[in-house]
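Below: the structure, in structure tokens.
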Amino acid sequence: MRVLLFTRSLDTGGAERQLVLLAKTLHSRGVPVAVMVYYGNGPFRSELDDAGVAVINIGKSGRWDVIRFAFRVVQSIRQFEPDVIYSFMGANIIATCLKSFFGGAKVVWGVRSSDMDLSQYDWLSRLFDRFAIGLSRFAAAIICNSERGREHIIRQGYANSAITVIHNGIDLDRFMHTASSRQARLSGWGVPGERVVLGIMARIDAMKDHATLLEAVKRVLEVHSNVHLVCVGSGDAKLQARLIQQTASLGIQHSVHWVGHSSEPFKDYSAFDVLVSSSMTEAFPNVIGEAMACGLPVVATDVGDCGRIVCDCGWIVPPKKPEALAAAIGQAIAALPNWPAQRSRKRIQENFSVDAMADQTLSVLDAAVKS
């Protein structure tokens, strides 16, 4: 079975991380696999190159590069001759609309969101969402990475009987605690070593709701003056400027560090004491599984499958509630001296391995090809 993975880019993100993990795992098992992208030179490109996974760069020149883009997509698919195309996000629509031009390859959709507030995004995103609902019946199968995501698309009106859930896989060889990374990271960030470090690993985006987290940290600092918040991730520069202004208005600017994109997140987790996720919407956030693989306690909002992932290895609170978030962070800090780090890692090992994700994905793709 020849597999083509099709997505927008190889930029930093949870969906991209899972695509790269899947591609590398399939390639290591001898499955003929390639990754096709609109834009080909994101941070994850080198990881695929190093693993020997072929990357097909369509080279889309912009939003309105449509006809040339479509031609190159069809041409590339014909050259690779896949049995199945596993597409993600906007590529779901592209692959389905062009299906009649590239032969008998089946198209399987990947859906990796849950309860998205599309009012926060542009009109084209909302239009694509409507298209997806209408075209969903033509997918050979739909794979969601969370139970909440599956429930969400069914409520939206996705008309497809072959909707299944395959949770993300966490690379346990990559994500593990290393004591030597802590001091190096804290020194680089300018955080004194004796501080309690709260970490958020998220792009700067309205849906990640850093604003509520900052409100919560203000409350935490009133009780625990030695706390520092480290925000790892890049994104919307205008939003980040507003968030920095918010820290000043709250009087917590000296306890909040914005460190931008990280190419080695496993070292960042080793410097954190508590991982915090304040999102308003998620499906299966990789960062929670990665932090747990590193033994961290997690405080997360009750969105997507966060509760299913964390279970008894952290605290789950309602979204957009700074008081509840602050209280849970306080409980996590109090639990740190006796925190059972191995229990968190064991939960990921037993429930969210990369091999399990790959096995289940191959099973769905194989069934789609034979359907």
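Following the order of the structure tokens, first chain is A, next is B, and so on, with residues numbered from 1 inside each chain and ligands from 1 in the order they appear.
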Practice item. Please report, as a VMD selection string, each residue of stretch 231-284 of chain A to which DSSP assigns strand (DSSP E or B) when run on this structure's backbone. Key: chain A and resid 231 to 232 235 256 to 260 274 to 277
Non-local contacts of A:His228 (7 Å; only C-alpha atoms; under 4 positions in same chain excluded) as a list of chain:residue names
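In the requested format, the answer is A:Arg195, A:Val196, A:Val197, A:Leu198, A:Ser255, A:Val256.
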Notebook entry, point to check: Which neighbours of A:Val108 fall inside 8 Å, counting only C-alpha atoms, when residues of the same chain fewer than 6 positions from it are skipped, and could you give them as a PyMOL selection string?
Noted result: chain A and resi 84-87+92+139-143+365+368
Please write the residues from the selection above to a file, keeping N, CA and C atoms, as a CSV table (one decimal), in the first residue's frame.
```
chain,number,residue,atom,x,y,z
A,84,VAL,N,-3.7,5.4,-1.4
A,84,VAL,CA,-4.5,6.2,-0.5
A,84,VAL,C,-3.9,7.5,-0.2
A,85,ILE,N,-4.7,8.6,-0.1
A,85,ILE,CA,-4.2,9.9,0.3
A,85,ILE,C,-4.8,10.2,1.6
A,86,TYR,N,-3.9,10.4,2.6
A,86,TYR,CA,-4.4,10.8,4.0
A,86,TYR,C,-4.1,12.3,4.1
A,87,SER,N,-5.2,13.1,4.0
A,87,SER,CA,-5.1,14.5,4.0
A,87,SER,C,-5.5,15.1,5.3
A,92,ASN,N,-7.9,18.4,3.0
A,92,ASN,CA,-9.1,17.5,2.8
A,92,ASN,C,-9.9,17.9,1.6
A,139,ALA,N,-15.4,11.3,1.4
A,139,ALA,CA,-14.2,10.7,2.0
A,139,ALA,C,-14.4,9.2,2.2
A,140,ALA,N,-13.4,8.5,1.9
A,140,ALA,CA,-13.5,7.0,2.2
A,140,ALA,C,-13.5,6.7,3.7
A,141,ALA,N,-13.0,7.6,4.5
A,141,ALA,CA,-13.0,7.5,5.9
A,141,ALA,C,-12.6,8.8,6.5
A,142,ILE,N,-12.9,9.1,7.8
A,142,ILE,CA,-12.5,10.3,8.5
A,142,ILE,C,-11.9,9.8,9.8
A,143,ILE,N,-10.7,10.3,10.0
A,143,ILE,CA,-10.0,10.0,11.3
A,143,ILE,C,-9.9,11.3,12.1
A,365,LEU,N,-6.5,3.0,6.9
A,365,LEU,CA,-6.1,3.3,5.5
A,365,LEU,C,-6.3,2.0,4.6
A,368,ALA,N,-9.9,1.4,3.9
A,368,ALA,CA,-10.3,2.4,2.9
A,368,ALA,C,-10.0,2.0,1.5
```
Can you pull out every residue from stretch 115-263 of chain A that DSSP, working from the backbone, puts in helix (DSSP H, G or I), and format the result as a short mmCIF file (atom, residue, chain, number, x, y, z; two decimals) with C-alpha atoms, in the first residue's frame?
```
data_model
loop_
_atom_site.label_atom_id
_atom_site.label_comp_id
_atom_site.auth_asym_id
_atom_site.auth_seq_id
_atom_site.Cartn_x
_atom_site.Cartn_y
_atom_site.Cartn_z
CA LEU A 118 -14.47 30.38 13.68
CA SER A 119 -15.48 33.95 14.49
CA GLN A 120 -11.84 34.39 15.54
CA TRP A 123 -14.07 34.56 6.07
CA LEU A 124 -12.13 32.03 4.00
CA SER A 125 -11.71 29.74 7.02
CA ARG A 126 -15.47 29.88 7.62
CA LEU A 127 -16.16 29.17 3.93
CA PHE A 128 -13.82 26.17 3.94
CA ASP A 129 -15.62 24.85 7.01
CA ARG A 130 -18.94 24.89 5.13
CA PHE A 131 -17.34 23.18 2.13
CA ALA A 132 -15.95 20.48 4.38
CA ILE A 133 -19.39 19.64 5.75
CA GLY A 134 -20.78 19.28 2.24
CA LEU A 135 -17.88 17.22 0.92
CA SER A 136 -17.48 14.95 3.94
CA ARG A 137 -19.67 12.22 2.42
CA PHE A 138 -17.09 11.67 -0.34
CA GLU A 147 -13.61 11.85 20.96
CA ARG A 148 -14.71 15.48 21.33
CA GLY A 149 -13.60 16.13 17.75
CA ARG A 150 -15.73 13.24 16.50
CA GLU A 151 -18.75 14.47 18.45
CA HIS A 152 -18.19 17.98 17.11
CA ILE A 153 -18.12 17.10 13.41
CA ILE A 154 -21.18 14.89 13.78
CA ARG A 155 -23.03 17.83 15.35
CA GLN A 156 -21.84 20.02 12.49
CA ALA A 179 17.87 17.04 34.81
CA SER A 180 20.82 18.62 32.99
CA SER A 181 18.49 20.57 30.71
CA ARG A 182 16.80 22.48 33.52
CA GLN A 183 19.60 24.77 34.62
CA ALA A 184 20.75 25.46 31.06
CA ARG A 185 17.24 26.43 30.00
CA LEU A 186 16.54 28.58 33.07
CA SER A 187 19.83 30.39 32.62
CA GLY A 188 19.05 31.06 28.97
CA TRP A 189 15.63 32.40 29.87
CA ALA A 206 -6.53 33.68 20.54
CA MET A 207 -7.71 30.09 21.01
CA LYS A 208 -4.81 29.34 23.37
CA HIS A 210 -2.94 33.29 27.24
CA ALA A 211 -4.99 36.23 28.56
CA THR A 212 -6.88 34.03 31.03
CA LEU A 213 -3.63 32.37 32.09
CA LEU A 214 -2.07 35.76 32.85
CA GLU A 215 -5.07 36.64 35.02
CA ALA A 216 -4.62 33.32 36.84
CA VAL A 217 -0.88 33.87 37.34
CA LYS A 218 -1.63 37.25 38.93
CA ARG A 219 -3.72 35.41 41.53
CA VAL A 220 -1.12 32.67 42.03
CA LEU A 221 1.62 35.25 42.67
CA ALA A 237 2.74 39.40 16.87
CA LYS A 238 -0.08 41.91 17.48
CA LEU A 239 -1.72 39.60 19.99
CA GLN A 240 1.58 39.04 21.76
CA ALA A 241 2.08 42.79 22.05
CA ARG A 242 -1.33 43.06 23.72
CA LEU A 243 -0.49 40.20 26.06
CA ILE A 244 2.80 41.84 27.06
CA GLN A 245 0.87 45.02 27.75
CA GLN A 246 -1.54 42.98 29.87
CA THR A 247 1.32 41.67 32.03
CA ALA A 248 2.35 45.27 32.71
CA SER A 249 -1.19 46.31 33.62
CA LEU A 250 -1.41 43.33 35.99
CA GLN A 253 5.79 41.61 33.87
CA HIS A 254 8.87 40.59 35.86
CA SER A 255 7.45 37.09 36.44
#
```
Applying 6 Å and only C-alpha atoms, which residues near A:Val165 remain after dropping the ones on its own chain fewer than 3 positions away? List them as a PDB file with N, CA and C atoms, in the first residue's frame.
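Saved file out35.pdb follows:
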```
ATOM      1  N   ILE A 143     -10.692  10.308  10.032  1.00  0.00           N
ATOM      2  CA  ILE A 143      -9.999  10.009  11.280  1.00  0.00           C
ATOM      3  C   ILE A 143      -9.938  11.272  12.141  1.00  0.00           C
ATOM      4  N   CYS A 144     -10.523  11.211  13.330  1.00  0.00           N
ATOM      5  CA  CYS A 144     -10.407  12.298  14.310  1.00  0.00           C
ATOM      6  C   CYS A 144      -9.369  11.885  15.355  1.00  0.00           C
ATOM      7  N   ASN A 145      -8.711  12.856  15.936  1.00  0.00           N
ATOM      8  CA  ASN A 145      -7.727  12.513  16.969  1.00  0.00           C
ATOM      9  C   ASN A 145      -8.276  12.689  18.385  1.00  0.00           C
ATOM     10  N   SER A 146      -9.595  12.920  18.486  1.00  0.00           N
ATOM     11  CA  SER A 146     -10.200  13.038  19.816  1.00  0.00           C
ATOM     12  C   SER A 146     -11.673  12.651  19.751  1.00  0.00           C
TER      13      SER A 146
END
```
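Closest approach to A:Gln79 from the set A:Gly52, A:Ala34, A:Ile309, A:Ile67 is made by A:Ala34, with distances taken over only C-alpha atoms.
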Find the residues around A:Asn351 up to 12 Å (only C-alpha atoms counted), leave out those fewer than 6 positions away in its own chain, and share them as a ChimeraX atom specification.
/A:166-170,172,289,292-293,308-311,344-345,357
Min atom-atom distance to A:Asp302 from the set A:Phe284, A:Tyr39, A:Trp258, A:Phe44, counting only C-alpha atoms, belongs to A:Phe284
Using only C-alpha atoms, the best pick from A:Lys99, A:Lys320, A:Asp11, A:Gly40 as closest to A:Ser61 would be A:Gly40
Close residues, A:Thr178 itself excluded, 10 Å, only C-alpha atoms, min 3 positions apart in chain, as a ChimeraX atom specification: /A:175,181-182,266-271,294
Residues just named, written with N, CA and C atoms as a tab-separated table (two decimals), in the first residue's frame:
```
chain	number	residue	atom	x	y	z
A	175	PHE	N	10.71	12.44	24.32
A	175	PHE	CA	10.20	13.23	25.45
A	175	PHE	C	10.39	12.47	26.75
A	181	SER	N	19.07	19.54	31.57
A	181	SER	CA	18.49	20.57	30.71
A	181	SER	C	17.90	21.73	31.51
A	182	ARG	N	17.51	21.46	32.76
A	182	ARG	CA	16.80	22.48	33.52
A	182	ARG	C	17.63	23.74	33.72
A	266	PHE	N	11.57	19.22	24.21
A	266	PHE	CA	11.81	18.25	25.27
A	266	PHE	C	12.72	18.83	26.35
A	267	LYS	N	13.61	19.74	25.98
A	267	LYS	CA	14.46	20.39	26.98
A	267	LYS	C	13.66	21.43	27.78
A	268	ASP	N	12.69	22.06	27.13
A	268	ASP	CA	11.84	23.03	27.82
A	268	ASP	C	11.02	22.35	28.91
A	269	TYR	N	10.43	21.19	28.57
A	269	TYR	CA	9.63	20.48	29.58
A	269	TYR	C	10.47	20.13	30.80
A	270	SER	N	11.74	19.79	30.58
A	270	SER	CA	12.61	19.44	31.71
A	270	SER	C	12.87	20.63	32.62
A	271	ALA	N	12.68	21.85	32.10
A	271	ALA	CA	12.87	23.05	32.91
A	271	ALA	C	11.58	23.49	33.61
A	294	CYS	N	7.32	13.49	30.19
A	294	CYS	CA	8.46	14.03	30.94
A	294	CYS	C	8.21	14.05	32.44
```
- Query: Which one of A:Val37, A:Val287, A:Val274, A:Met1 sits closest to A:Trp339 if you count only C-alpha atoms?
  - Reply: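 Residue with the minimum atom-to-atom distance to A:Trp339: A:Val274.
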Measuring between only C-alpha atoms, which one of A:Ala70, A:Ala332, A:Met280, A:Val364 shows the shortest distance to A:Asp205?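 Distance minimum relative to A:Asp205 lands on A:Met280.
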